[in-house]
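Structure first, then comments.
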Amino acid sequence: PACVLGIDLGTTSVKAALLVGTEQGQAVAESCSKETWARTSSLEAGSQGMEQDVWRIIRALNECLAALPQQQLQRVSHIGISGQMHGIVFWKKDKGCKWTECGTGPTFEPEEVSHLITWQDGRCSPTFLSSLPLPQSHISLATGFGCATVYWYLKKSPDFLKSYDAAGTIHDYVVAMLCDLKKPLMSVQNAASWGYFNSRNKSWNTDILKNSSFPVHLLPEVGEPGSIAGRTISAWHGIPKGAKVGIALGDFQCSVYSCLTERTDAVLNISTSAQLTISTPLGFQPPETPDPSSAVTYFPYFNGDYLAVAASLNGGSVLATFVDMVAQWTEELGLRVQESAIYTKIIKAALGQNDSKLSVHPTIFGERHIPQQLASVTNIAASDLSLGHVTRALCRGIVENLCSMLPVQHLVETGVRRILGSGSALARNEVLRQEVERIFPFPVVYGKDVDAAVGAAMVM
């Protein structure tokens, strides 16, 4: 029987899942996850930049596939790929990669490719964004959006753009390399995440962009999520040449797709970032212009549907920053503790504290609708300063922040009856799960660490 391979190129890790058909439907036969360790410094943007080394991301992808059973990879007929939205990577069409032999068969390595400028990138200040032409889109433009990043290079470092003739998200890049696409192809989901894209007529704001000297030749063609982008031009880690490859999808939409079955379900996803989402009514169309102060955005989903999403920049990344801070403090005190050991210990400490009077507002990365409002800690009492108390309050703050963006009362009014929990941070952190169950007055069902990869495969 044929297998479907799902891949998710996330902010911190690459995940892969093999799905096989059973009498009960599709089931995960094998899965794998590898950290990318891809973060790198930005020469042009300095401390505001957030870039990743594409070579390291592809290395993690190759390690992931090499870890899956060869006999099942040889039965793969379709490949679904999702990844982190908003970000942008540039490459040369005829030199995007080179194919080489490895232990598990042919694979590709990046060649003339830029760093990935991720969704977390902060180089586009509010002042810079306000100087750009107003998009014709239902989504407010923000720093880290692909088109905003191109404008930044156009104004600050135009020679950089002259080196490349193609661009896409990191997962668009992988699809283009696997299928040898002469012109990158992008799903409506990813195009909407770049800004300057009209989801109603499914087209770029070409006139607006051309009038401000934007290099429109870098914009990919756009297709429907769920459609086929092409076929593999070579065998790949044992996957046969000619396997069908789907157009690259948003990781968030795929996480939702892997678990959402009823319109009365809400999906809570906590990975590097965090989202709380509900279905919109059938036939819903978003407003033509966004409300910049609204915490809820409408993401294109599948079959013309939209999701109403509270998309927070502050998810597992907040905990990772806290762990990093603790590691730095211990090092300054002359001690060395592995970050993985710190993470395990703070979760254990928090499990020993059922409550904390501390109130943590965890928005250290701001939020797109209020970028200037950063994090704060209040209600600090001497009795609540242990690592357990602080970690407990931090986990609660992450969930409460999402609830402030899409309140529980609104969920009740729209008929939500159940919360579906997904994402790596939720899968790995029992304290977060306890706080979710404390704050939401609904039953909670949890998914797996590889939800987006599974969703990408299910779409195929």
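FYI, nothing fancy with the structure tokens labels: chains A, B, ... in order, residues from 1 per chain, ligands from 1 as they appear.
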Just want the 10 Å neighbourhood of His217 of chain A, counted on only C-alpha atoms, with same-chain residues fewer than 3 positions away dropped. Output as a ChimeraX atom specification. /A:165-167,183,214,220-221
Close residues, Asn314 of chain A itself excluded, 9 Å, only C-alpha atoms, min 2 positions apart in chain, as JSON, numbers by chain: {"A": [272, 273, 274, 311, 312, 316, 317, 318, 319, 362, 363, 364, 365, 366, 367, 398, 401, 402]}
Please save N, CA and C atoms of the selected residues as a short mmCIF file (atom, residue, chain, number, x, y, z; two decimals), in the first residue's frame.
data_model
loop_
_atom_site.label_atom_id
_atom_site.label_comp_id
_atom_site.auth_asym_id
_atom_site.auth_seq_id
_atom_site.Cartn_x
_atom_site.Cartn_y
_atom_site.Cartn_z
N THR A 272 6.48 27.40 19.08
CA THR A 272 7.32 28.57 19.35
C THR A 272 6.42 29.79 19.58
N SER A 273 5.42 29.95 18.72
CA SER A 273 4.39 30.97 18.93
C SER A 273 3.15 30.26 19.49
N ALA A 274 2.02 30.96 19.53
CA ALA A 274 0.80 30.34 20.08
C ALA A 274 -0.42 30.89 19.36
N ALA A 311 -3.51 35.12 17.13
CA ALA A 311 -2.15 34.64 16.84
C ALA A 311 -1.16 35.42 17.69
N SER A 312 -0.61 34.75 18.71
CA SER A 312 0.31 35.41 19.64
C SER A 312 1.76 35.12 19.25
N GLY A 316 5.91 29.12 23.21
CA GLY A 316 7.07 28.40 23.76
C GLY A 316 8.33 29.23 23.74
N SER A 317 8.38 30.24 22.84
CA SER A 317 9.56 31.12 22.77
C SER A 317 9.78 31.87 24.08
N VAL A 318 8.69 32.16 24.81
CA VAL A 318 8.81 32.86 26.10
C VAL A 318 9.51 31.95 27.12
N LEU A 319 9.08 30.68 27.16
CA LEU A 319 9.72 29.72 28.07
C LEU A 319 11.18 29.51 27.69
N PRO A 362 3.33 37.93 29.72
CA PRO A 362 4.57 37.40 29.14
C PRO A 362 4.95 37.95 27.77
N THR A 363 4.44 39.11 27.37
CA THR A 363 4.62 39.55 25.99
C THR A 363 5.98 40.19 25.73
N ILE A 364 7.04 39.41 25.94
CA ILE A 364 8.40 39.95 25.73
C ILE A 364 8.67 40.26 24.26
N PHE A 365 7.90 39.64 23.36
CA PHE A 365 8.08 39.90 21.93
C PHE A 365 7.01 40.85 21.39
N GLY A 366 6.24 41.49 22.30
CA GLY A 366 5.13 42.34 21.86
C GLY A 366 4.06 41.47 21.21
N GLU A 367 3.04 42.10 20.66
CA GLU A 367 2.04 41.40 19.84
C GLU A 367 1.81 42.26 18.61
N ILE A 398 1.11 32.77 29.70
CA ILE A 398 1.07 32.48 28.26
C ILE A 398 -0.36 32.14 27.83
N ASN A 401 -2.72 35.25 28.27
CA ASN A 401 -2.50 36.23 27.20
C ASN A 401 -3.32 35.88 25.97
N LEU A 402 -3.33 34.59 25.61
CA LEU A 402 -4.14 34.14 24.48
C LEU A 402 -5.62 34.39 24.74
#
Which of these, A:His369, A:Arg396, A:Arg56, A:Arg418, has the shortest distance to Lys357 of chain A once you count only C-alpha atoms?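 Between A:His369, A:Arg396, A:Arg56, A:Arg418, the residue approaching Lys357 of chain A most closely is A:Arg396.
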Can you tell me, as a list of chain:residue names, what residues are no more than 10 Å from Cys102 of chain A when counting only C-alpha atoms, ignoring any on the same chain fewer than 3 positions away? A:Asn62, A:Ala66, A:Trp99, A:Gly105, A:Pro106, A:Thr107, A:Phe108, A:Trp236, A:His237
Where in segment 63-246 of chain A does DSSP assign strand (DSSP E), given as a ChimeraX atom specification? /A:76-83,89-91,97-102,105-110,116-117,166-168,185-187,197-198,203-204,221-223,228-231,244-246
Between A:Cys64, A:Leu218, A:Ala349, A:Ile247, which has the minimum distance to Ala456 of chain A (counting only C-alpha atoms)?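 For Ala456 of chain A, the nearest of the given residues is A:Ile247.
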What does the distance from atom CA of Lys92 of chain A to atom CA of Glu63 of chain A come to in Å, to one decimal?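 Rounded to one decimal, the two atoms are 24.8 Å apart.
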Can you list every residue of segment 42-122 of chain A that has an atom at most 10 Å from segment 185-192 of chain A, with its nearest atom pair and the distance in Å to one decimal, using only C-alpha atoms, ordered by chain then number, as a tab-separated table?
residue	atom	partner	partner_atom	distance
A:Ser82	CA	A:Asn190	CA	9.7
A:Gly83	CA	A:Asn190	CA	9.3
A:Gln84	CA	A:Asn190	CA	9.0
A:Met85	CA	A:Asn190	CA	6.0
A:His86	CA	A:Asn190	CA	6.9
A:Gly87	CA	A:Asn190	CA	9.2
How would the residues just chosen look if you wrote them out with all heavy atoms as a PDB file, in the first residue's frame?
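Wrote part.pdb, looks like this:
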ATOM      1  N   SER A  82       4.551  21.519   5.088  1.00  0.00           N
ATOM      2  CA  SER A  82       4.120  22.759   5.742  1.00  0.00           C
ATOM      3  C   SER A  82       5.339  23.409   6.388  1.00  0.00           C
ATOM      4  O   SER A  82       6.409  22.817   6.460  1.00  0.00           O
ATOM      5  CB  SER A  82       3.044  22.475   6.795  1.00  0.00           C
ATOM      6  OG  SER A  82       3.600  21.815   7.920  1.00  0.00           O
ATOM      7  N   GLY A  83       5.146  24.636   6.876  1.00  0.00           N
ATOM      8  CA  GLY A  83       6.276  25.299   7.521  1.00  0.00           C
ATOM      9  C   GLY A  83       5.878  26.646   8.090  1.00  0.00           C
ATOM     10  O   GLY A  83       4.733  27.082   7.981  1.00  0.00           O
ATOM     11  N   GLN A  84       6.870  27.297   8.701  1.00  0.00           N
ATOM     12  CA  GLN A  84       6.642  28.578   9.384  1.00  0.00           C
ATOM     13  C   GLN A  84       6.253  29.653   8.372  1.00  0.00           C
ATOM     14  O   GLN A  84       6.938  29.859   7.376  1.00  0.00           O
ATOM     15  CB  GLN A  84       7.878  28.980  10.179  1.00  0.00           C
ATOM     16  CG  GLN A  84       9.204  28.805   9.444  1.00  0.00           C
ATOM     17  CD  GLN A  84      10.396  29.232  10.253  1.00  0.00           C
ATOM     18  OE1 GLN A  84      10.491  30.358  10.714  1.00  0.00           O
ATOM     19  NE2 GLN A  84      11.353  28.332  10.416  1.00  0.00           N
ATOM     20  N   MET A  85       5.141  30.305   8.636  1.00  0.00           N
ATOM     21  CA  MET A  85       4.622  31.314   7.715  1.00  0.00           C
ATOM     22  C   MET A  85       5.347  32.656   7.896  1.00  0.00           C
ATOM     23  O   MET A  85       6.158  32.814   8.788  1.00  0.00           O
ATOM     24  CB  MET A  85       3.120  31.489   7.945  1.00  0.00           C
ATOM     25  CG  MET A  85       2.323  30.280   7.490  1.00  0.00           C
ATOM     26  SD  MET A  85       0.556  30.622   7.460  1.00  0.00           S
ATOM     27  CE  MET A  85       0.212  30.844   9.191  1.00  0.00           C
ATOM     28  N   HIS A  86       5.003  33.591   7.025  1.00  0.00           N
ATOM     29  CA  HIS A  86       5.451  34.997   7.045  1.00  0.00           C
ATOM     30  C   HIS A  86       6.889  35.185   6.575  1.00  0.00           C
ATOM     31  O   HIS A  86       7.197  36.171   5.933  1.00  0.00           O
ATOM     32  CB  HIS A  86       5.296  35.632   8.437  1.00  0.00           C
ATOM     33  CG  HIS A  86       3.940  35.482   9.039  1.00  0.00           C
ATOM     34  ND1 HIS A  86       2.822  36.072   8.484  1.00  0.00           N
ATOM     35  CD2 HIS A  86       3.512  34.795  10.131  1.00  0.00           C
ATOM     36  CE1 HIS A  86       1.767  35.760   9.225  1.00  0.00           C
ATOM     37  NE2 HIS A  86       2.152  34.988  10.220  1.00  0.00           N
ATOM     38  N   GLY A  87       7.792  34.254   6.915  1.00  0.00           N
ATOM     39  CA  GLY A  87       9.219  34.442   6.615  1.00  0.00           C
ATOM     40  C   GLY A  87       9.527  34.353   5.129  1.00  0.00           C
ATOM     41  O   GLY A  87       8.703  33.957   4.307  1.00  0.00           O
TER      42      GLY A  87
END
I'd like the interatomic distance between atom CA of Trp119 of chain A and atom CA of Phe145 of chain A, to a tenth of an Å.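 Computing the Euclidean distance for atom CA of Trp119 of chain A and atom CA of Phe145 of chain A yields 6.3 Å.
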Might you pull out every residue within 10 Å of segment 42-55 of chain A, with only C-alpha atoms counted and same-chain residues fewer than 3 positions away left off, and present them as a PyMOL selection string? chain A and resi 11-12+36-39+58-61+87-89+109-111+113-125+144+152-153+156-157+160+170+173
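For Leu387 of chain A, the list of residues within 8 Å, based on only C-alpha atoms and with local chain neighbours fewer than 2 positions off taken out, reads Ile346, Ala349, Ala350, Leu385, His389, Val390 and Thr391 of chain A.
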Can those selected residues be exported to a file as a short mmCIF file (atom, residue, chain, number, x, y, z; two decimals), in the first residue's frame so that it contains C-alpha atoms?
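Done, and the output landed in result_30.cif:
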data_model
loop_
_atom_site.label_atom_id
_atom_site.label_comp_id
_atom_site.auth_asym_id
_atom_site.auth_seq_id
_atom_site.Cartn_x
_atom_site.Cartn_y
_atom_site.Cartn_z
CA ILE A 346 11.75 24.17 36.17
CA ALA A 349 9.52 22.64 40.31
CA ALA A 350 6.32 24.18 38.89
CA LEU A 385 9.86 33.82 44.36
CA HIS A 389 6.24 29.75 41.56
CA VAL A 390 7.77 31.82 38.75
CA THR A 391 7.51 29.01 36.16
#
Residues near segment 132-141 of chain A, anyone? I mean within 9 Å using only C-alpha atoms, not counting same-chain ones fewer than 2 positions away, as JSON, numbers by chain. {"A": [128, 129, 130, 143, 145, 147, 148, 151, 192, 193, 194, 195, 196, 197, 198, 199, 200, 204, 205, 208, 209, 212, 286, 287, 288, 289, 290, 291, 292, 297, 298, 299, 368, 369]}
Counting only C-alpha atoms, which residue out of A:Val431, A:Val267, A:Ile419, A:Ala452 sits closest to Ala248 of chain A?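 Checking each of A:Val431, A:Val267, A:Ile419, A:Ala452 against Ala248 of chain A, counting only C-alpha atoms, the winner is A:Ala452.
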Nearest to Gln72 of chain A by atom-to-atom distance, counting only C-alpha atoms, from A:Gln353, A:Thr261, A:Ser383, A:Ser31: A:Ser31
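Atom to atom, atom CA of Gly103 of chain A and atom CA of Ser234 of chain A stand 15.3 Å apart.
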List as a list in words the protein and nucleic acid residues near Glu262 of chain A, meaning an atom at most 10 Å away when only C-alpha atoms are counted, but skip any in the same chain fewer than 5 places from it.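 The residues satisfying every condition are Ser279, Val416, Arg417 and Arg418 of chain A.
Nearest to Val222 of chain A of all the residues A:Gln70, A:Ser203, A:Gln328, A:Thr321 is A:Ser203, based on only C-alpha atoms.
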